[in-house]
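Q: The structure is given below, and queries will be raised subsequently.
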Amino acid sequence: MFFLARRPQSQVVSVGTLLVALLALPGCHSPGPFVWIDKLAPEQTVAVETAYVVAANDVVMVQVFNHPEMSGRTRVRSDGNLSIGLLGDVQAAGKAPANLATEIAEQLTARSLAVGARVTVTLDEAAPVRVAMIGEVARPGLYALSAGAGLAEALASCGGFTDFAHRDRVYVMRQTPTLTRIRFTYADVLRGTRGTATFRLRSGDTIVAE
(Lines give C-alpha, C1' and ligand atoms only; values in the text may rest on other atoms or scores of the structure.)
Protein backbone atom coordinates (compact mmCIF):
# COMPACT_ATOMS: atom_id res chain seq x y z
CA MET A 1 0.00 0.00 0.00
CA PHE A 2 1.23 3.49 -0.84
CA PHE A 3 0.73 6.43 1.51
CA LEU A 4 0.70 9.96 0.12
CA ALA A 5 2.41 12.65 2.16
CA ARG A 6 0.90 16.10 2.67
CA ARG A 7 3.49 18.89 2.80
CA PRO A 8 3.03 22.66 2.44
CA GLN A 9 5.66 22.94 -0.30
CA SER A 10 5.09 19.71 -2.17
CA GLN A 11 2.10 18.44 -4.08
CA VAL A 12 1.36 14.71 -4.09
CA VAL A 13 -0.29 13.14 -7.12
CA SER A 14 -2.82 10.30 -7.04
CA VAL A 15 -1.91 6.69 -6.29
CA GLY A 16 -3.31 5.70 -9.68
CA THR A 17 -0.82 7.97 -11.41
CA LEU A 18 1.97 6.53 -9.27
CA LEU A 19 1.05 2.98 -10.30
CA VAL A 20 1.23 3.97 -13.96
CA ALA A 21 4.71 5.35 -13.35
CA LEU A 22 5.82 2.18 -11.59
CA LEU A 23 4.50 -0.04 -14.38
CA ALA A 24 6.70 1.90 -16.77
CA LEU A 25 9.76 0.78 -14.80
CA PRO A 26 9.71 -3.04 -14.73
CA GLY A 27 12.28 -4.64 -12.48
CA CYS A 28 13.46 -1.38 -10.96
CA HIS A 29 14.24 -3.19 -7.70
CA SER A 30 16.20 -5.94 -9.45
CA PRO A 31 20.00 -5.94 -9.52
CA GLY A 32 21.35 -4.54 -12.75
CA PRO A 33 23.82 -2.13 -14.32
CA PHE A 34 24.18 1.34 -12.84
CA VAL A 35 26.44 4.36 -12.95
CA TRP A 36 27.81 6.05 -9.84
CA ILE A 37 26.85 9.71 -9.56
CA ASP A 38 30.47 10.90 -9.88
CA LYS A 39 30.81 9.00 -13.18
CA LEU A 40 27.69 10.57 -14.67
CA ALA A 41 28.08 12.79 -17.72
CA PRO A 42 28.09 16.47 -16.60
CA GLU A 43 25.07 17.37 -18.73
CA GLN A 44 23.01 14.84 -16.75
CA THR A 45 23.61 16.51 -13.38
CA VAL A 46 21.99 19.88 -14.08
CA ALA A 47 18.28 20.64 -13.77
CA VAL A 48 17.61 22.41 -17.05
CA GLU A 49 19.15 23.01 -20.42
CA THR A 50 21.57 25.93 -20.73
CA ALA A 51 19.07 27.77 -22.93
CA TYR A 52 15.79 27.97 -21.01
CA VAL A 53 12.60 27.04 -22.82
CA VAL A 54 9.05 27.44 -21.54
CA ALA A 55 7.51 24.28 -20.07
CA ALA A 56 4.01 23.16 -19.11
CA ASN A 57 2.95 24.53 -15.70
CA ASP A 58 5.48 27.37 -15.81
CA VAL A 59 4.06 30.77 -14.91
CA VAL A 60 5.17 33.51 -17.31
CA MET A 61 4.67 37.25 -17.47
CA VAL A 62 3.49 38.44 -20.87
CA GLN A 63 3.79 42.19 -21.42
CA VAL A 64 2.23 43.71 -24.54
CA PHE A 65 3.25 47.35 -24.42
CA ASN A 66 0.35 49.82 -24.36
CA HIS A 67 -2.13 46.91 -24.19
CA PRO A 68 -2.82 46.04 -20.53
CA GLU A 69 -5.85 43.97 -21.59
CA MET A 70 -3.46 41.50 -23.24
CA SER A 71 -0.76 41.63 -20.58
CA GLY A 72 -0.41 39.75 -17.33
CA ARG A 73 0.82 36.73 -15.41
CA THR A 74 -0.40 33.44 -16.84
CA ARG A 75 0.29 29.73 -16.35
CA VAL A 76 1.20 27.49 -19.26
CA ARG A 77 -1.40 24.73 -19.36
CA SER A 78 -0.61 21.02 -19.48
CA ASP A 79 -1.27 21.06 -23.24
CA GLY A 80 1.56 23.59 -23.66
CA ASN A 81 -0.68 26.55 -24.48
CA LEU A 82 -1.18 29.83 -22.69
CA SER A 83 -4.13 32.17 -23.10
CA ILE A 84 -3.80 35.85 -24.00
CA GLY A 85 -6.70 38.28 -23.86
CA LEU A 86 -8.28 38.92 -27.31
CA LEU A 87 -5.66 36.73 -29.00
CA GLY A 88 -6.67 33.43 -27.40
CA ASP A 89 -4.46 30.35 -27.09
CA VAL A 90 -0.80 30.43 -28.11
CA GLN A 91 1.51 27.40 -28.13
CA ALA A 92 4.25 28.21 -25.60
CA ALA A 93 5.91 25.02 -24.33
CA GLY A 94 9.26 24.24 -25.90
CA LYS A 95 9.96 27.82 -26.98
CA ALA A 96 12.52 30.27 -25.66
CA PRO A 97 10.83 33.33 -24.08
CA ALA A 98 12.27 35.70 -26.70
CA ASN A 99 11.01 33.50 -29.56
CA LEU A 100 7.62 33.20 -27.94
CA ALA A 101 7.42 36.98 -27.57
CA THR A 102 8.23 37.41 -31.27
CA GLU A 103 5.53 34.92 -32.28
CA ILE A 104 2.92 36.65 -30.10
CA ALA A 105 3.83 40.03 -31.62
CA GLU A 106 3.54 38.59 -35.13
CA GLN A 107 0.11 37.09 -34.41
CA LEU A 108 -1.13 40.36 -32.88
CA THR A 109 0.00 42.26 -35.96
CA ALA A 110 -1.40 39.69 -38.41
CA ARG A 111 -4.82 39.84 -36.75
CA SER A 112 -4.75 43.65 -36.49
CA LEU A 113 -5.02 43.49 -32.69
CA ALA A 114 -2.01 45.77 -32.20
CA VAL A 115 -0.04 48.06 -34.47
CA GLY A 116 3.72 47.58 -34.26
CA ALA A 117 3.24 45.24 -31.30
CA ARG A 118 6.10 45.05 -28.79
CA VAL A 119 5.98 42.00 -26.54
CA THR A 120 8.19 40.60 -23.78
CA VAL A 121 7.87 37.20 -22.09
CA THR A 122 9.68 36.45 -18.84
CA LEU A 123 9.65 33.46 -16.49
CA ASP A 124 7.83 34.31 -13.25
CA GLU A 125 7.64 30.87 -11.62
CA ALA A 126 9.23 27.64 -12.79
CA ALA A 127 7.09 24.53 -12.85
CA PRO A 128 7.67 22.11 -9.96
CA VAL A 129 9.84 19.05 -10.47
CA ARG A 130 7.65 15.92 -10.25
CA VAL A 131 9.37 12.75 -9.08
CA ALA A 132 8.33 9.32 -7.79
CA MET A 133 9.68 7.96 -4.48
CA ILE A 134 9.50 4.18 -4.08
CA GLY A 135 11.11 1.36 -2.15
CA GLU A 136 12.28 1.60 1.47
CA VAL A 137 11.11 5.16 2.13
CA ALA A 138 8.66 6.25 4.81
CA ARG A 139 5.99 7.61 2.45
CA PRO A 140 6.24 6.32 -1.14
CA GLY A 141 4.41 8.45 -3.67
CA LEU A 142 4.68 11.13 -6.33
CA TYR A 143 5.97 14.49 -5.15
CA ALA A 144 6.15 17.96 -6.65
CA LEU A 145 9.37 19.66 -5.51
CA SER A 146 10.66 23.15 -6.08
CA ALA A 147 12.68 23.69 -9.26
CA GLY A 148 16.35 22.88 -8.71
CA ALA A 149 15.69 20.36 -5.92
CA GLY A 150 18.29 17.70 -5.23
CA LEU A 151 18.15 14.25 -3.72
CA ALA A 152 18.34 15.49 -0.13
CA GLU A 153 15.17 17.57 -0.57
CA ALA A 154 13.35 14.63 -2.14
CA LEU A 155 14.29 12.26 0.69
CA ALA A 156 13.20 14.81 3.27
CA SER A 157 9.85 15.22 1.51
CA CYS A 158 9.01 11.53 1.83
CA GLY A 159 10.08 11.27 5.48
CA GLY A 160 13.41 9.55 4.91
CA PHE A 161 14.15 5.83 4.97
CA THR A 162 12.53 2.85 6.64
CA ASP A 163 14.53 0.76 9.11
CA PHE A 164 15.16 -1.79 6.35
CA ALA A 165 16.77 0.58 3.82
CA HIS A 166 20.33 0.03 2.57
CA ARG A 167 21.59 3.59 2.67
CA ASP A 168 24.42 2.85 0.28
CA ARG A 169 21.93 1.71 -2.37
CA VAL A 170 19.88 4.74 -3.41
CA TYR A 171 19.14 5.06 -7.12
CA VAL A 172 17.66 7.64 -9.46
CA MET A 173 16.03 6.13 -12.54
CA ARG A 174 16.16 8.58 -15.46
CA GLN A 175 15.36 8.46 -19.18
CA THR A 176 18.40 9.93 -20.97
CA PRO A 177 16.72 8.90 -23.47
CA THR A 178 17.53 5.29 -22.53
CA LEU A 179 16.83 4.32 -18.93
CA THR A 180 19.84 5.14 -16.72
CA ARG A 181 20.21 3.87 -13.14
CA ILE A 182 22.26 6.40 -11.14
CA ARG A 183 23.62 5.19 -7.80
CA PHE A 184 24.15 7.25 -4.64
CA THR A 185 25.03 6.64 -1.03
CA TYR A 186 23.14 8.57 1.61
CA ALA A 187 26.44 9.54 3.28
CA ASP A 188 27.56 11.27 0.06
CA VAL A 189 24.19 13.04 -0.23
CA LEU A 190 24.53 14.39 3.33
CA ARG A 191 28.13 15.52 2.78
CA GLY A 192 27.59 16.80 -0.75
CA THR A 193 30.49 14.69 -2.02
CA ARG A 194 31.08 12.69 -5.23
CA GLY A 195 29.00 15.07 -7.34
CA THR A 196 25.85 14.97 -5.22
CA ALA A 197 26.03 18.69 -4.38
CA THR A 198 25.44 19.73 -8.01
CA PHE A 199 23.04 16.94 -8.97
CA ARG A 200 19.51 18.21 -9.68
CA LEU A 201 16.39 16.15 -10.12
CA ARG A 202 14.26 16.34 -13.25
CA SER A 203 10.57 15.75 -13.78
CA GLY A 204 10.01 12.08 -14.53
CA ASP A 205 12.85 10.83 -12.30
CA THR A 206 12.07 7.89 -10.02
CA ILE A 207 14.03 7.57 -6.76
CA VAL A 208 14.44 4.03 -5.45
CA ALA A 209 15.70 3.21 -1.95
CA GLU A 210 16.63 -0.47 -1.68
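Going by the C-alpha coordinates order, chains are called A, B, ..., each with residues numbered from 1, while ligands are numbered from 1 in the order shown.
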Can you list every residue of segment 59-96 of chain A that has an atom at most 12 Å from segment 116-134 of chain A, with its nearest atom pair and the distance in Å to one decimal, using only C-alpha atoms, ordered by chain then number, as a Markdown table?

A:
```
| residue | atom | partner | partner_atom | distance |
| --- | --- | --- | --- | --- |
| A:Val59 | CA | A:Glu125 | CA | 4.9 |
| A:Val60 | CA | A:Leu123 | CA | 4.5 |
| A:Met61 | CA | A:Thr122 | CA | 5.3 |
| A:Val62 | CA | A:Val121 | CA | 4.7 |
| A:Gln63 | CA | A:Thr120 | CA | 5.2 |
| A:Val64 | CA | A:Val119 | CA | 4.6 |
| A:Phe65 | CA | A:Arg118 | CA | 5.7 |
| A:Asn66 | CA | A:Arg118 | CA | 8.7 |
| A:His67 | CA | A:Ala117 | CA | 9.1 |
| A:Pro68 | CA | A:Val119 | CA | 11.4 |
| A:Met70 | CA | A:Val119 | CA | 10.0 |
| A:Ser71 | CA | A:Val119 | CA | 9.0 |
| A:Gly72 | CA | A:Val121 | CA | 9.9 |
| A:Arg73 | CA | A:Asp124 | CA | 7.7 |
| A:Thr74 | CA | A:Asp124 | CA | 9.0 |
| A:Arg75 | CA | A:Glu125 | CA | 8.8 |
| A:Val76 | CA | A:Ala127 | CA | 9.2 |
| A:Arg77 | CA | A:Ala127 | CA | 10.7 |
| A:Ser78 | CA | A:Ala127 | CA | 10.7 |
| A:Leu82 | CA | A:Val121 | CA | 11.7 |
| A:Ile84 | CA | A:Val119 | CA | 11.8 |
| A:Ala92 | CA | A:Val121 | CA | 10.3 |
| A:Ala93 | CA | A:Ala127 | CA | 11.6 |
| A:Lys95 | CA | A:Val121 | CA | 10.8 |
| A:Ala96 | CA | A:Val121 | CA | 9.1 |
```

Q: Determine which residues of segment 71-170 of chain A receive a DSSP assignment of helix (DSSP H, G or I), computed from the backbone, and state them as an NGL selection string.

A: :A and (97-110 or 151-157)

Q: Output N, CA and C atoms of each residue in that selection to a file, as a JSON list (two decimals), in the first residue's frame.

A:
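The resulting result_11.json:
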```json
[["chain", "number", "residue", "atom", "x", "y", "z"],
["A", 97, "PRO", "N", 11.70, 32.17, -24.31],
["A", 97, "PRO", "CA", 10.83, 33.33, -24.08],
["A", 97, "PRO", "C", 10.92, 34.39, -25.17],
["A", 98, "ALA", "N", 12.13, 34.67, -25.66],
["A", 98, "ALA", "CA", 12.27, 35.70, -26.70],
["A", 98, "ALA", "C", 11.57, 35.28, -27.99],
["A", 99, "ASN", "N", 11.68, 33.99, -28.34],
["A", 99, "ASN", "CA", 11.01, 33.50, -29.56],
["A", 99, "ASN", "C", 9.50, 33.52, -29.40],
["A", 100, "LEU", "N", 9.05, 33.16, -28.19],
["A", 100, "LEU", "CA", 7.62, 33.20, -27.94],
["A", 100, "LEU", "C", 7.09, 34.62, -28.03],
["A", 101, "ALA", "N", 7.83, 35.58, -27.49],
["A", 101, "ALA", "CA", 7.42, 36.98, -27.57],
["A", 101, "ALA", "C", 7.31, 37.44, -29.02],
["A", 102, "THR", "N", 8.26, 37.04, -29.85],
["A", 102, "THR", "CA", 8.23, 37.41, -31.27],
["A", 102, "THR", "C", 7.00, 36.82, -31.96],
["A", 103, "GLU", "N", 6.68, 35.55, -31.66],
["A", 103, "GLU", "CA", 5.53, 34.92, -32.28],
["A", 103, "GLU", "C", 4.23, 35.60, -31.85],
["A", 104, "ILE", "N", 4.13, 35.96, -30.57],
["A", 104, "ILE", "CA", 2.92, 36.65, -30.10],
["A", 104, "ILE", "C", 2.78, 38.00, -30.82],
["A", 105, "ALA", "N", 3.87, 38.73, -30.94],
["A", 105, "ALA", "CA", 3.83, 40.03, -31.62],
["A", 105, "ALA", "C", 3.40, 39.85, -33.07],
["A", 106, "GLU", "N", 3.90, 38.83, -33.72],
["A", 106, "GLU", "CA", 3.54, 38.59, -35.13],
["A", 106, "GLU", "C", 2.06, 38.26, -35.26],
["A", 107, "GLN", "N", 1.53, 37.44, -34.34],
["A", 107, "GLN", "CA", 0.11, 37.09, -34.41],
["A", 107, "GLN", "C", -0.78, 38.31, -34.12],
["A", 108, "LEU", "N", -0.36, 39.14, -33.17],
["A", 108, "LEU", "CA", -1.13, 40.36, -32.88],
["A", 108, "LEU", "C", -1.19, 41.28, -34.10],
["A", 109, "THR", "N", -0.06, 41.40, -34.78],
["A", 109, "THR", "CA", 0.00, 42.26, -35.96],
["A", 109, "THR", "C", -0.83, 41.66, -37.10],
["A", 110, "ALA", "N", -0.69, 40.35, -37.31],
["A", 110, "ALA", "CA", -1.40, 39.69, -38.41],
["A", 110, "ALA", "C", -2.91, 39.78, -38.25],
["A", 151, "LEU", "N", 18.59, 15.49, -4.34],
["A", 151, "LEU", "CA", 18.15, 14.25, -3.72],
["A", 151, "LEU", "C", 17.85, 14.43, -2.24],
["A", 152, "ALA", "N", 18.59, 15.28, -1.56],
["A", 152, "ALA", "CA", 18.34, 15.49, -0.13],
["A", 152, "ALA", "C", 16.94, 16.05, 0.11],
["A", 153, "GLU", "N", 16.52, 17.00, -0.72],
["A", 153, "GLU", "CA", 15.17, 17.57, -0.57],
["A", 153, "GLU", "C", 14.10, 16.52, -0.83],
["A", 154, "ALA", "N", 14.33, 15.67, -1.82],
["A", 154, "ALA", "CA", 13.35, 14.63, -2.14],
["A", 154, "ALA", "C", 13.21, 13.64, -1.00],
["A", 155, "LEU", "N", 14.33, 13.21, -0.42],
["A", 155, "LEU", "CA", 14.29, 12.26, 0.69],
["A", 155, "LEU", "C", 13.63, 12.88, 1.92],
["A", 156, "ALA", "N", 13.86, 14.15, 2.15],
["A", 156, "ALA", "CA", 13.20, 14.81, 3.27],
["A", 156, "ALA", "C", 11.70, 14.89, 3.05],
["A", 157, "SER", "N", 11.27, 15.09, 1.81],
["A", 157, "SER", "CA", 9.85, 15.22, 1.51],
["A", 157, "SER", "C", 9.08, 13.95, 1.81]]
```

Q: Which residue gives the smallest distance to Ala144 of chain A among A:Leu179, A:Leu201, A:Ala187, A:Val90, with only C-alpha atoms counted?

A: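 Closest candidate: A:Leu201.
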
Q: Considering only C-alpha atoms, return as a VMD selection string whatever protein or nucleic-acid residues lie within 7 Å of Tyr171 of chain A, sequence-local ones (same chain, fewer than 2 positions apart) excluded.

A: chain A and resid 169 173 181 to 184 207 to 209
